[in-house]
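Participant: Input structure: entry10.cif, which contains mmCIF, C-alpha atoms.
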```cif
data_work
loop_
_atom_site.group_PDB
_atom_site.id
_atom_site.type_symbol
_atom_site.label_atom_id
_atom_site.label_comp_id
_atom_site.auth_asym_id
_atom_site.auth_seq_id
_atom_site.Cartn_x
_atom_site.Cartn_y
_atom_site.Cartn_z
ATOM 1 C CA MET A 1 53.774 -59.664 215.954
ATOM 2 C CA LYS A 2 53.365 -62.612 213.568
ATOM 3 C CA ARG A 3 52.838 -66.175 214.776
ATOM 4 C CA LYS A 4 56.523 -67.161 214.357
ATOM 5 C CA GLU A 5 57.603 -64.206 216.450
ATOM 6 C CA PHE A 6 54.936 -65.007 219.013
ATOM 7 C CA LEU A 7 56.209 -68.588 219.349
ATOM 8 C CA LYS A 8 59.766 -67.337 219.677
ATOM 9 C CA THR A 9 58.711 -64.958 222.433
ATOM 10 C CA SER A 10 56.804 -67.774 224.110
ATOM 11 C CA LEU A 11 59.883 -70.002 224.070
ATOM 12 C CA TYR A 12 62.070 -67.340 225.643
ATOM 13 C CA SER A 13 59.496 -66.682 228.345
ATOM 14 C CA LEU A 14 58.822 -70.347 229.186
ATOM 15 C CA LEU A 15 61.532 -70.721 231.817
ATOM 16 C CA GLY A 16 60.584 -67.495 233.540
ATOM 17 C CA PHE A 17 56.903 -68.364 233.477
ATOM 18 C CA ILE A 18 57.514 -71.771 235.069
ATOM 19 C CA PHE A 19 59.644 -70.156 237.764
ATOM 20 C CA TRP A 20 56.941 -67.539 238.451
ATOM 21 C CA ASN A 21 54.017 -69.940 238.563
ATOM 22 C CA ASN A 22 53.478 -72.025 241.679
ATOM 23 C CA ASP A 23 50.598 -74.155 240.390
ATOM 24 C CA LEU A 24 52.050 -76.488 237.785
ATOM 25 C CA GLN A 25 51.847 -79.728 239.736
ATOM 26 C CA PRO A 26 49.022 -82.286 239.546
ATOM 27 C CA LYS A 27 45.981 -81.329 241.643
ATOM 28 C CA SER A 28 42.833 -82.886 243.009
ATOM 29 C CA GLU A 29 39.783 -83.306 240.788
ATOM 30 C CA THR A 30 38.246 -80.068 239.578
ATOM 31 C CA LYS A 31 34.956 -79.193 241.265
ATOM 32 C CA SER A 32 31.777 -79.654 239.236
ATOM 33 C CA ASN A 33 28.946 -77.113 239.135
ATOM 34 C CA ASN A 34 25.409 -77.276 240.464
ATOM 35 C CA TYR A 35 23.956 -75.706 237.324
ATOM 36 C CA LYS A 36 24.282 -76.139 233.586
ATOM 37 C CA PRO A 37 22.988 -73.741 230.912
ATOM 38 C CA ASN A 38 20.812 -75.055 228.105
ATOM 39 C CA PRO A 39 21.296 -72.692 225.137
ATOM 40 C CA SER A 40 19.142 -74.896 222.900
ATOM 41 C CA GLU A 41 16.112 -73.621 224.825
ATOM 42 C CA TRP A 42 16.943 -69.942 224.368
ATOM 43 C CA LYS A 43 14.707 -68.015 222.014
ATOM 44 C CA GLU A 44 15.406 -65.187 219.556
ATOM 45 C CA ASN A 45 13.069 -62.818 221.409
ATOM 46 C CA GLU A 46 14.933 -63.254 224.717
ATOM 47 C CA ILE A 47 18.072 -62.026 226.438
ATOM 48 C CA ASN A 48 19.799 -64.878 228.272
ATOM 49 C CA ILE A 49 23.109 -64.583 230.111
ATOM 50 C CA ALA A 50 24.940 -67.664 231.416
ATOM 51 C CA TRP A 51 28.101 -67.622 233.521
ATOM 52 C CA ILE A 52 30.380 -70.296 232.034
ATOM 53 C CA GLY A 53 33.277 -69.665 234.414
ATOM 54 C CA HIS A 54 35.949 -67.068 235.249
ATOM 55 C CA SER A 55 35.211 -64.123 232.887
ATOM 56 C CA THR A 56 33.526 -66.290 230.265
ATOM 57 C CA VAL A 57 29.876 -65.337 229.794
ATOM 58 C CA LEU A 58 27.578 -66.543 227.021
ATOM 59 C CA ILE A 59 24.951 -63.982 226.044
ATOM 60 C CA ASN A 60 21.955 -64.606 223.826
ATOM 61 C CA PHE A 61 21.058 -61.052 222.778
ATOM 62 C CA TYR A 62 17.815 -61.537 220.878
ATOM 63 C CA GLY A 63 19.252 -64.439 218.918
ATOM 64 C CA ILE A 64 22.795 -63.089 218.540
ATOM 65 C CA LYS A 65 25.300 -65.109 220.575
ATOM 66 C CA ILE A 66 28.128 -63.180 222.260
ATOM 67 C CA LEU A 67 30.935 -64.964 224.121
ATOM 68 C CA THR A 68 33.252 -63.001 226.420
ATOM 69 C CA ASP A 69 36.873 -63.896 227.240
ATOM 70 C CA PRO A 70 36.514 -67.625 226.390
ATOM 71 C CA VAL A 71 38.434 -69.989 228.692
ATOM 72 C CA PHE A 72 37.468 -73.660 228.513
ATOM 73 C CA TYR A 73 40.433 -75.771 229.516
ATOM 74 C CA GLU A 74 42.045 -77.064 232.687
ATOM 75 C CA ARG A 75 44.805 -74.450 232.766
ATOM 76 C CA VAL A 76 45.438 -70.920 231.588
ATOM 77 C CA GLY A 77 48.866 -69.507 230.902
ATOM 78 C CA LEU A 78 51.613 -69.980 228.382
ATOM 79 C CA TYR A 79 50.479 -72.128 225.443
ATOM 80 C CA PHE A 80 53.492 -73.787 223.852
ATOM 81 C CA LEU A 81 53.923 -76.991 221.828
ATOM 82 C CA GLY A 82 50.330 -78.010 222.474
ATOM 83 C CA LEU A 83 50.553 -77.628 226.268
ATOM 84 C CA THR A 84 49.384 -74.861 228.589
ATOM 85 C CA TRP A 85 51.619 -73.951 231.517
ATOM 86 C CA GLY A 86 49.856 -72.063 234.267
ATOM 87 C CA PRO A 87 47.200 -72.110 237.003
ATOM 88 C CA SER A 88 44.630 -74.913 237.012
ATOM 89 C CA ARG A 89 40.885 -74.577 237.404
ATOM 90 C CA PHE A 90 39.078 -74.825 240.713
ATOM 91 C CA THR A 91 35.726 -75.390 238.960
ATOM 92 C CA LEU A 92 34.863 -76.903 235.599
ATOM 93 C CA PRO A 93 33.397 -74.678 232.885
ATOM 94 C CA ALA A 94 29.610 -74.859 232.871
ATOM 95 C CA LEU A 95 29.757 -75.764 229.170
ATOM 96 C CA SER A 96 32.667 -77.411 227.406
ATOM 97 C CA ILE A 97 33.936 -76.078 224.122
ATOM 98 C CA ASP A 98 32.087 -78.941 222.417
ATOM 99 C CA GLU A 99 28.812 -77.814 224.025
ATOM 100 C CA ILE A 100 29.128 -74.114 223.269
ATOM 101 C CA PRO A 101 26.856 -73.018 220.411
ATOM 102 C CA LYS A 102 28.447 -71.027 217.628
ATOM 103 C CA PRO A 103 29.054 -67.501 218.894
ATOM 104 C CA ASN A 104 28.409 -64.730 216.406
ATOM 105 C CA ILE A 105 30.766 -62.451 218.327
ATOM 106 C CA VAL A 106 33.725 -63.127 220.610
ATOM 107 C CA LEU A 107 34.490 -60.169 222.862
ATOM 108 C CA LEU A 108 37.985 -59.982 224.397
ATOM 109 C CA SER A 109 38.742 -57.479 227.143
ATOM 110 C CA HIS A 110 42.558 -57.657 227.037
ATOM 111 C CA ALA A 111 45.529 -59.902 226.289
ATOM 112 C CA HIS A 112 46.088 -61.463 229.725
ATOM 113 C CA MET A 113 46.297 -65.225 229.418
ATOM 114 C CA ASP A 114 43.238 -65.856 231.587
ATOM 115 C CA HIS A 115 41.145 -63.652 229.274
ATOM 116 C CA MET A 116 42.730 -64.185 225.857
ATOM 117 C CA ASP A 117 43.350 -67.925 226.118
ATOM 118 C CA TYR A 118 45.036 -68.974 222.904
ATOM 119 C CA LYS A 119 44.093 -72.661 223.061
ATOM 120 C CA SER A 120 40.405 -71.924 223.654
ATOM 121 C CA LEU A 121 40.338 -69.414 220.801
ATOM 122 C CA LEU A 122 42.282 -71.744 218.505
ATOM 123 C CA ASP A 123 39.853 -74.601 219.055
ATOM 124 C CA LEU A 124 36.825 -72.321 218.870
ATOM 125 C CA THR A 125 37.879 -70.952 215.472
ATOM 126 C CA ASN A 126 38.789 -74.429 214.233
ATOM 127 C CA LYS A 127 35.304 -75.577 215.208
ATOM 128 C CA PHE A 128 33.670 -72.589 213.473
ATOM 129 C CA PRO A 129 36.195 -71.481 210.832
ATOM 130 C CA ALA A 130 35.613 -68.007 209.353
ATOM 131 C CA GLN A 131 32.242 -67.807 211.143
ATOM 132 C CA ILE A 132 33.033 -65.666 214.214
ATOM 133 C CA ASP A 133 33.557 -61.901 214.419
ATOM 134 C CA CYS A 134 36.066 -61.004 217.120
ATOM 135 C CA ILE A 135 36.526 -57.675 218.904
ATOM 136 C CA THR A 136 39.552 -57.052 221.094
ATOM 137 C CA ALA A 137 41.415 -54.209 222.774
ATOM 138 C CA TYR A 138 43.808 -51.807 221.047
ATOM 139 C CA ASN A 139 47.196 -53.329 220.172
ATOM 140 C CA THR A 140 46.268 -56.904 221.118
ATOM 141 C CA LYS A 141 45.037 -58.600 217.930
ATOM 142 C CA ASP A 142 48.565 -59.720 216.978
ATOM 143 C CA VAL A 143 48.301 -62.533 219.535
ATOM 144 C CA ILE A 144 45.382 -64.168 217.694
ATOM 145 C CA GLU A 145 45.451 -62.770 214.166
ATOM 146 C CA ASP A 146 46.558 -66.105 212.677
ATOM 147 C CA LEU A 147 43.292 -67.776 213.744
ATOM 148 C CA GLN A 148 40.357 -68.382 211.393
ATOM 149 C CA TRP A 149 38.143 -65.420 212.238
ATOM 150 C CA LYS A 150 35.377 -64.077 210.040
ATOM 151 C CA SER A 151 36.655 -60.649 211.104
ATOM 152 C CA LEU A 152 39.035 -59.351 213.742
ATOM 153 C CA GLN A 153 39.072 -55.736 214.873
ATOM 154 C CA GLU A 154 40.501 -53.692 217.687
ATOM 155 C CA LEU A 155 38.503 -51.081 219.565
ATOM 156 C CA ASP A 156 40.274 -48.262 221.341
ATOM 157 C CA TRP A 157 38.752 -46.476 224.313
ATOM 158 C CA ASN A 158 35.552 -44.652 223.345
ATOM 159 C CA GLU A 159 35.492 -46.277 219.906
ATOM 160 C CA GLU A 160 32.469 -48.268 218.847
ATOM 161 C CA THR A 161 31.354 -50.628 216.142
ATOM 162 C CA VAL A 162 28.120 -52.232 214.968
ATOM 163 C CA ILE A 163 27.883 -55.961 214.234
ATOM 164 C CA TYR A 164 24.555 -57.729 213.607
ATOM 165 C CA ASN A 165 22.913 -54.394 214.519
ATOM 166 C CA ILE A 166 24.458 -54.653 218.003
ATOM 167 C CA ASN A 167 26.420 -51.577 219.060
ATOM 168 C CA ILE A 168 29.602 -52.306 221.010
ATOM 169 C CA LYS A 169 31.573 -49.477 222.601
ATOM 170 C CA ALA A 170 34.903 -49.787 224.426
ATOM 171 C CA TYR A 171 35.651 -48.000 227.685
ATOM 172 C CA GLU A 172 38.799 -47.464 229.703
ATOM 173 C CA VAL A 173 39.149 -49.265 233.033
ATOM 174 C CA GLN A 174 41.830 -49.330 235.743
ATOM 175 C CA HIS A 175 44.000 -52.289 234.841
ATOM 176 C CA PHE A 176 47.072 -53.189 232.775
ATOM 177 C CA GLY A 177 47.538 -54.913 229.458
ATOM 178 C CA TRP A 178 50.886 -56.593 228.850
ATOM 179 C CA ARG A 179 50.886 -60.289 228.015
ATOM 180 C CA TYR A 180 54.573 -60.533 228.914
ATOM 181 C CA PRO A 181 56.205 -58.216 231.473
ATOM 182 C CA TRP A 182 58.611 -56.583 229.010
ATOM 183 C CA GLU A 183 55.888 -55.458 226.585
ATOM 184 C CA ARG A 184 54.756 -51.868 226.215
ATOM 185 C CA ASP A 185 51.628 -51.269 228.240
ATOM 186 C CA ARG A 186 49.247 -48.333 228.498
ATOM 187 C CA SER A 187 49.297 -48.545 232.285
ATOM 188 C CA LYS A 188 52.992 -47.644 232.025
ATOM 189 C CA GLY A 189 52.230 -44.577 229.925
ATOM 190 C CA HIS A 190 52.681 -46.069 226.431
ATOM 191 C CA PHE A 191 49.344 -44.797 225.141
ATOM 192 C CA GLU A 192 50.240 -44.839 221.441
ATOM 193 C CA ASN A 193 51.846 -48.280 221.165
ATOM 194 C CA GLY A 194 51.111 -50.090 224.435
ATOM 195 C CA ARG A 195 48.736 -52.970 224.960
ATOM 196 C CA SER A 196 45.325 -51.792 226.085
ATOM 197 C CA TYR A 197 42.445 -53.162 228.168
ATOM 198 C CA ASN A 198 38.715 -52.619 227.707
ATOM 199 C CA ALA A 199 35.326 -52.795 229.254
ATOM 200 C CA TYR A 200 32.428 -52.862 226.792
ATOM 201 C CA LEU A 201 28.909 -51.498 226.578
ATOM 202 C CA ILE A 202 26.782 -53.842 224.458
ATOM 203 C CA SER A 203 23.571 -52.247 223.202
ATOM 204 C CA TYR A 204 20.686 -53.595 221.140
ATOM 205 C CA LYS A 205 16.968 -52.782 220.939
ATOM 206 C CA ASN A 206 17.152 -50.314 223.848
ATOM 207 C CA LYS A 207 18.817 -52.829 226.169
ATOM 208 C CA ASN A 208 22.319 -52.183 227.531
ATOM 209 C CA ILE A 209 24.673 -54.773 228.997
ATOM 210 C CA PHE A 210 27.975 -53.649 230.500
ATOM 211 C CA PHE A 211 30.871 -56.136 230.508
ATOM 212 C CA GLY A 212 33.531 -54.907 232.927
ATOM 213 C CA GLY A 213 36.400 -57.145 231.828
ATOM 214 C CA ASP A 214 39.073 -56.621 234.490
ATOM 215 C CA THR A 215 39.355 -53.497 236.618
ATOM 216 C CA ALA A 216 40.279 -52.037 239.957
ATOM 217 C CA MET A 217 38.060 -49.492 241.680
ATOM 218 C CA THR A 218 37.854 -46.475 239.379
ATOM 219 C CA ASP A 219 35.672 -43.498 238.539
ATOM 220 C CA LYS A 220 36.512 -43.922 234.841
ATOM 221 C CA LEU A 221 33.089 -45.555 234.388
ATOM 222 C CA ASN A 222 31.366 -42.411 235.549
ATOM 223 C CA VAL A 223 31.300 -41.153 231.949
ATOM 224 C CA ILE A 224 28.639 -43.670 230.877
ATOM 225 C CA ASN A 225 25.232 -42.030 230.725
ATOM 226 C CA ASP A 226 23.243 -44.868 229.148
ATOM 227 C CA LYS A 227 20.755 -46.750 231.286
ATOM 228 C CA ILE A 228 22.488 -50.025 232.199
ATOM 229 C CA HIS A 229 20.157 -52.960 232.550
ATOM 230 C CA LEU A 230 22.874 -55.463 233.515
ATOM 231 C CA ALA A 231 26.437 -55.020 234.795
ATOM 232 C CA VAL A 232 28.815 -57.992 234.496
ATOM 233 C CA MET A 233 31.637 -57.130 236.893
ATOM 234 C CA PRO A 234 34.844 -58.772 238.181
ATOM 235 C CA VAL A 235 34.935 -59.442 241.929
ATOM 236 C CA GLY A 236 37.998 -61.622 242.586
ATOM 237 C CA ALA A 237 41.818 -61.622 242.898
ATOM 238 C CA TYR A 238 41.805 -58.342 244.840
ATOM 239 C CA ARG A 239 44.269 -59.436 247.507
ATOM 240 C CA PRO A 240 47.020 -58.319 247.146
ATOM 241 C CA TRP A 241 46.258 -56.959 243.633
ATOM 242 C CA ARG A 242 44.188 -53.935 244.692
ATOM 243 C CA LYS A 243 45.772 -51.703 242.031
ATOM 244 C CA ASN A 244 44.380 -53.935 239.282
ATOM 245 C CA HIS A 245 41.350 -55.789 240.678
ATOM 246 C CA CYS A 246 38.324 -54.549 242.594
ATOM 247 C CA ASN A 247 36.754 -56.366 245.502
ATOM 248 C CA PRO A 248 33.011 -57.200 245.621
ATOM 249 C CA GLU A 249 32.112 -54.042 247.537
ATOM 250 C CA GLU A 250 33.928 -51.849 245.034
ATOM 251 C CA ALA A 251 32.286 -53.679 242.132
ATOM 252 C CA LEU A 252 28.874 -52.974 243.665
ATOM 253 C CA ILE A 253 29.741 -49.300 244.142
ATOM 254 C CA MET A 254 30.792 -48.935 240.506
ATOM 255 C CA ALA A 255 27.727 -50.837 239.291
ATOM 256 C CA THR A 256 25.286 -48.736 241.310
ATOM 257 C CA GLU A 257 26.820 -45.271 241.730
ATOM 258 C CA TYR A 258 28.554 -44.974 238.336
ATOM 259 C CA LEU A 259 26.567 -47.304 236.077
ATOM 260 C CA GLN A 260 23.253 -47.225 237.952
ATOM 261 C CA ALA A 261 22.686 -50.780 236.799
ATOM 262 C CA GLU A 262 19.535 -52.722 237.557
ATOM 263 C CA HIS A 263 21.104 -56.201 237.713
ATOM 264 C CA PHE A 264 24.543 -57.549 238.637
ATOM 265 C CA ILE A 265 26.445 -60.662 237.540
ATOM 266 C CA PRO A 266 29.841 -61.485 239.107
ATOM 267 C CA ILE A 267 32.796 -62.818 237.122
ATOM 268 C CA HIS A 268 36.551 -63.334 237.627
ATOM 269 C CA THR A 269 36.127 -65.596 240.647
ATOM 270 C CA MET A 270 35.601 -69.251 241.681
ATOM 271 C CA THR A 271 37.615 -70.517 238.721
ATOM 272 C CA PHE A 272 41.346 -69.855 239.117
ATOM 273 C CA LYS A 273 43.158 -69.171 242.387
ATOM 274 C CA GLN A 274 44.767 -65.852 241.465
ATOM 275 C CA GLY A 275 44.629 -63.925 244.735
ATOM 276 C CA THR A 276 45.490 -64.776 248.318
ATOM 277 C CA GLU A 277 41.896 -64.413 249.506
ATOM 278 C CA PRO A 278 40.028 -67.719 250.021
ATOM 279 C CA ILE A 279 38.490 -68.690 246.696
ATOM 280 C CA GLU A 280 34.956 -68.758 248.176
ATOM 281 C CA GLU A 281 35.308 -65.321 249.821
ATOM 282 C CA PRO A 282 34.340 -63.001 246.916
ATOM 283 C CA LEU A 283 30.905 -64.539 246.340
ATOM 284 C CA ARG A 284 30.172 -64.714 250.077
ATOM 285 C CA TRP A 285 31.165 -61.069 250.448
ATOM 286 C CA LEU A 286 29.039 -60.150 247.441
ATOM 287 C CA GLU A 287 25.959 -61.929 248.802
ATOM 288 C CA ASP A 288 26.398 -60.297 252.213
ATOM 289 C CA SER A 289 26.800 -56.797 250.754
ATOM 290 C CA VAL A 290 24.396 -56.683 247.810
ATOM 291 C CA MET A 291 21.391 -56.080 250.070
ATOM 292 C CA ASN A 292 22.889 -52.672 250.916
ATOM 293 C CA TYR A 293 22.762 -51.509 247.295
ATOM 294 C CA PRO A 294 19.853 -50.740 244.926
ATOM 295 C CA ILE A 295 20.657 -53.612 242.575
ATOM 296 C CA ASN A 296 19.534 -57.183 241.970
ATOM 297 C CA LEU A 297 22.074 -60.010 242.165
ATOM 298 C CA ALA A 298 21.074 -61.832 238.996
ATOM 299 C CA LEU A 299 23.072 -64.996 239.688
ATOM 300 C CA ASN A 300 25.689 -66.167 242.149
ATOM 301 C CA GLU A 301 26.974 -69.505 240.859
ATOM 302 C CA ILE A 302 28.799 -70.670 237.766
ATOM 303 C CA GLY A 303 26.379 -72.363 235.381
ATOM 304 C CA GLN A 304 23.340 -70.309 236.296
ATOM 305 C CA THR A 305 21.404 -68.429 233.600
ATOM 306 C CA PHE A 306 19.670 -65.074 233.984
ATOM 307 C CA ASN A 307 16.850 -63.964 231.703
ATOM 308 C CA LEU A 308 16.850 -60.201 231.268
ATOM 309 C CA LYS A 309 13.352 -58.835 230.680
#
```
Kindly return the structure encoded in the file as structure tokens.
Facilitator:
Amino acid sequence: MKRKEFLKTSLYSLLGFIFWNNDLQPKSETKSNNYKPNPSEWKENEINIAWIGHSTVLINFYGIKILTDPVFYERVGLYFLGLTWGPSRFTLPALSIDEIPKPNIVLLSHAHMDHMDYKSLLDLTNKFPAQIDCITAYNTKDVIEDLQWKSLQELDWNEETVIYNINIKAYEVQHFGWRYPWERDRSKGHFENGRSYNAYLISYKNKNIFFGGDTAMTDKLNVINDKIHLAVMPVGAYRPWRKNHCNPEEALIMATEYLQAEHFIPIHTMTFKQGTEPIEEPLRWLEDSVMNYPINLALNEIGQTFNLK
């Protein structure tokens, strides 16, 4: 779909999106964070991982910067005529788009508007034109192909690519992929021409980081045999969306039993109110449960940075 067609589709869906969304009114001030990453101090012989907010994680992988599912603005949702219509943030991003260092790679799990945020990606590519390599899921690049990428490629399940000597492999998860409800989606059986959804294994110099994207509880991750040093897993919006989102306990089970990961970082929580569970519940549940699993909780607040040894 070209940009003109995308805008036309956006216009037709505007009324329905406004009707569906219940969080378009002004809200109280967004909560600030207790921590703030300082990428200027990161070194090229280190692995640093900072939780920016929602599913946005900034990774310094031995000097190569990787940014996952970038979302920097007050709202996510339908971007039309310079405005975004959709849910507002509960917490500010730990770094603004002006503070983010140039990412070498942007990694997008799927085309949902809280993961593939057009405004964030537009401004990021305008700030660093033709300087960022982007990897996204099968049949999703049409949403952002008009932006100023250095390169843009899709990875299907079990496909892999090498950029800056970093190996990135896509894996199937239990989720869905449509950006608009009427689109073809692999979760509906359209495997050849439906929108897809990925998790990624990021490997470099014998270190493996798993980025879970968005997923419900699934044994699909049981096929990964690599030693996982860090699992970045979603833990929120599970009530009532159990078919598409895992809860903290399920995320821990997948990270330990299937991935056998050493460290755990939570995402997809404390940013947008997407489920009916209290927004503070996922992290509290995670902290209460993690002691029962053979894994280290690497961080538990937005803005914190973990140094992987």
Participant: Would you mind reading off the distance between atom CA of Gly303 of chain A and atom CA of Glu74 of chain A, one decimal, in Å?
Facilitator: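 Straight-line distance from atom CA of Gly303 of chain A to atom CA of Glu74 of chain A works out to 16.6 Å.
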Participant: Tell me which protein, DNA and RNA residues are within 8 Å of Asp114 of chain A, counting all atoms listed in the file, leaving out same-chain ones fewer than 2 positions away, and put them as number ranges by chain.
Facilitator: A: 69, 71, 76-77, 112, 116-117
Participant: May I ask which of the residues A:Met270, A:Ala251, A:Leu78, A:Leu124 is the closest one to Phe211 of chain A, counting all atoms listed in the file?
Facilitator: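 Smallest distance to Phe211 of chain A is found for A:Ala251.
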Participant: Could you please determine the separation between atom CA of Ala216 of chain A and atom CA of Ser88 of chain A in Å, to one decimal place?
Facilitator: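 That distance, rounded to one decimal, is 23.5 Å.
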Participant: Could you expand the PyMOL selection byres ((chain A and resi 267) around 7) into the explicit residues it covers here, written as number ranges by chain?
Facilitator: A: 54-55, 232-235, 265-266, 268-269
Participant: May I ask which of the residues A:Tyr118, A:Phe272, A:Tyr171, A:Trp178 is the closest one to Gly213 of chain A, counting all atoms listed in the file?
Facilitator: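 Closest candidate: A:Tyr171.
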Participant: List every protein, DNA or RNA residue with an atom no more than 12 Å from (16.6, -69.6, 220.4) in the file's coordinates, counting only C-alpha atoms, and format the result as a list in words.
Facilitator: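 Output: Asn38, Pro39, Ser40, Glu41, Trp42, Lys43, Glu44, Asn45, Glu46, Ile47, Asn48, Ile59, Asn60, Phe61, Tyr62, Gly63, Ile64, Lys65 and Pro101 of chain A.
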Participant: Export, as a PDB file, in the frame of the given file, the selected residues with C-alpha atoms.
Facilitator:
```
ATOM      1  CA  ASN A  38      20.812 -75.055 228.105  1.00  0.00           C
ATOM      2  CA  PRO A  39      21.296 -72.692 225.137  1.00  0.00           C
ATOM      3  CA  SER A  40      19.142 -74.896 222.900  1.00  0.00           C
ATOM      4  CA  GLU A  41      16.112 -73.621 224.825  1.00  0.00           C
ATOM      5  CA  TRP A  42      16.943 -69.942 224.368  1.00  0.00           C
ATOM      6  CA  LYS A  43      14.707 -68.015 222.014  1.00  0.00           C
ATOM      7  CA  GLU A  44      15.406 -65.187 219.556  1.00  0.00           C
ATOM      8  CA  ASN A  45      13.069 -62.818 221.409  1.00  0.00           C
ATOM      9  CA  GLU A  46      14.933 -63.254 224.717  1.00  0.00           C
ATOM     10  CA  ILE A  47      18.072 -62.026 226.438  1.00  0.00           C
ATOM     11  CA  ASN A  48      19.799 -64.878 228.272  1.00  0.00           C
ATOM     12  CA  ILE A  59      24.951 -63.982 226.044  1.00  0.00           C
ATOM     13  CA  ASN A  60      21.955 -64.606 223.826  1.00  0.00           C
ATOM     14  CA  PHE A  61      21.058 -61.052 222.778  1.00  0.00           C
ATOM     15  CA  TYR A  62      17.815 -61.537 220.878  1.00  0.00           C
ATOM     16  CA  GLY A  63      19.252 -64.439 218.918  1.00  0.00           C
ATOM     17  CA  ILE A  64      22.795 -63.089 218.540  1.00  0.00           C
ATOM     18  CA  LYS A  65      25.300 -65.109 220.575  1.00  0.00           C
ATOM     19  CA  PRO A 101      26.856 -73.018 220.411  1.00  0.00           C
TER      20      PRO A 101
END
```
Participant: Can you list, as a list of chain:residue names, every protein, DNA or RNA residue that comes within 8 Å of Glu287 of chain A when you count all atoms listed in the file, leaving out same-chain residues fewer than 4 positions away?
Facilitator: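 With the cut-off at 8 Å, the set is A:Leu283, A:Met291, A:Leu297, A:Asn300.
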Participant: As a check of understanding, name the residues that the PyMOL selection byres ((chain A and resi 210) around 12) selects in the supplied structure, as a PDB file with C-alpha atoms, keeping the file's coordinate frame.
Facilitator:
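What landed in part07.pdb:
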```
ATOM      1  CA  ILE A  49      23.109 -64.583 230.111  1.00  0.00           C
ATOM      2  CA  VAL A  57      29.876 -65.337 229.794  1.00  0.00           C
ATOM      3  CA  ILE A  59      24.951 -63.982 226.044  1.00  0.00           C
ATOM      4  CA  THR A  68      33.252 -63.001 226.420  1.00  0.00           C
ATOM      5  CA  LEU A 107      34.490 -60.169 222.862  1.00  0.00           C
ATOM      6  CA  SER A 109      38.742 -57.479 227.143  1.00  0.00           C
ATOM      7  CA  ASN A 167      26.420 -51.577 219.060  1.00  0.00           C
ATOM      8  CA  ILE A 168      29.602 -52.306 221.010  1.00  0.00           C
ATOM      9  CA  LYS A 169      31.573 -49.477 222.601  1.00  0.00           C
ATOM     10  CA  ALA A 170      34.903 -49.787 224.426  1.00  0.00           C
ATOM     11  CA  TYR A 171      35.651 -48.000 227.685  1.00  0.00           C
ATOM     12  CA  ASN A 198      38.715 -52.619 227.707  1.00  0.00           C
ATOM     13  CA  ALA A 199      35.326 -52.795 229.254  1.00  0.00           C
ATOM     14  CA  TYR A 200      32.428 -52.862 226.792  1.00  0.00           C
ATOM     15  CA  LEU A 201      28.909 -51.498 226.578  1.00  0.00           C
ATOM     16  CA  ILE A 202      26.782 -53.842 224.458  1.00  0.00           C
ATOM     17  CA  SER A 203      23.571 -52.247 223.202  1.00  0.00           C
ATOM     18  CA  TYR A 204      20.686 -53.595 221.140  1.00  0.00           C
ATOM     19  CA  LYS A 207      18.817 -52.829 226.169  1.00  0.00           C
ATOM     20  CA  ASN A 208      22.319 -52.183 227.531  1.00  0.00           C
ATOM     21  CA  ILE A 209      24.673 -54.773 228.997  1.00  0.00           C
ATOM     22  CA  PHE A 211      30.871 -56.136 230.508  1.00  0.00           C
ATOM     23  CA  GLY A 212      33.531 -54.907 232.927  1.00  0.00           C
ATOM     24  CA  GLY A 213      36.400 -57.145 231.828  1.00  0.00           C
ATOM     25  CA  LEU A 221      33.089 -45.555 234.388  1.00  0.00           C
ATOM     26  CA  ILE A 224      28.639 -43.670 230.877  1.00  0.00           C
ATOM     27  CA  ASN A 225      25.232 -42.030 230.725  1.00  0.00           C
ATOM     28  CA  ASP A 226      23.243 -44.868 229.148  1.00  0.00           C
ATOM     29  CA  LYS A 227      20.755 -46.750 231.286  1.00  0.00           C
ATOM     30  CA  ILE A 228      22.488 -50.025 232.199  1.00  0.00           C
ATOM     31  CA  HIS A 229      20.157 -52.960 232.550  1.00  0.00           C
ATOM     32  CA  LEU A 230      22.874 -55.463 233.515  1.00  0.00           C
ATOM     33  CA  ALA A 231      26.437 -55.020 234.795  1.00  0.00           C
ATOM     34  CA  VAL A 232      28.815 -57.992 234.496  1.00  0.00           C
ATOM     35  CA  MET A 233      31.637 -57.130 236.893  1.00  0.00           C
ATOM     36  CA  PRO A 234      34.844 -58.772 238.181  1.00  0.00           C
ATOM     37  CA  MET A 254      30.792 -48.935 240.506  1.00  0.00           C
ATOM     38  CA  ALA A 255      27.727 -50.837 239.291  1.00  0.00           C
ATOM     39  CA  TYR A 258      28.554 -44.974 238.336  1.00  0.00           C
ATOM     40  CA  LEU A 259      26.567 -47.304 236.077  1.00  0.00           C
ATOM     41  CA  GLN A 260      23.253 -47.225 237.952  1.00  0.00           C
ATOM     42  CA  ALA A 261      22.686 -50.780 236.799  1.00  0.00           C
ATOM     43  CA  GLU A 262      19.535 -52.722 237.557  1.00  0.00           C
ATOM     44  CA  HIS A 263      21.104 -56.201 237.713  1.00  0.00           C
ATOM     45  CA  PHE A 264      24.543 -57.549 238.637  1.00  0.00           C
ATOM     46  CA  ILE A 265      26.445 -60.662 237.540  1.00  0.00           C
ATOM     47  CA  PRO A 266      29.841 -61.485 239.107  1.00  0.00           C
TER      48      PRO A 266
END
```
Participant: So how far away is atom CA of Thr305 of chain A from atom CA of Met217 of chain A, in Å?
Facilitator: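 Value for the atom CA of Met217 of chain A-atom CA of Thr305 of chain A distance: 26.5 Å.
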Participant: Tell me which of A:Lys150, A:His110, A:Asp156, A:Gln174 sits closest to Tyr197 of chain A, counting all atoms listed in the file.
Facilitator: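 When distances to Tyr197 of chain A are compared using all atoms listed in the file, the smallest one comes from A:His110.
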Participant: Point out the residue among A:Gln274, A:Trp182, A:Lys127, A:Leu95 with the least atom-to-atom distance to Asn33 of chain A, counting only C-alpha atoms.
Facilitator: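 So, comparing all the options, the nearest one is A:Leu95.
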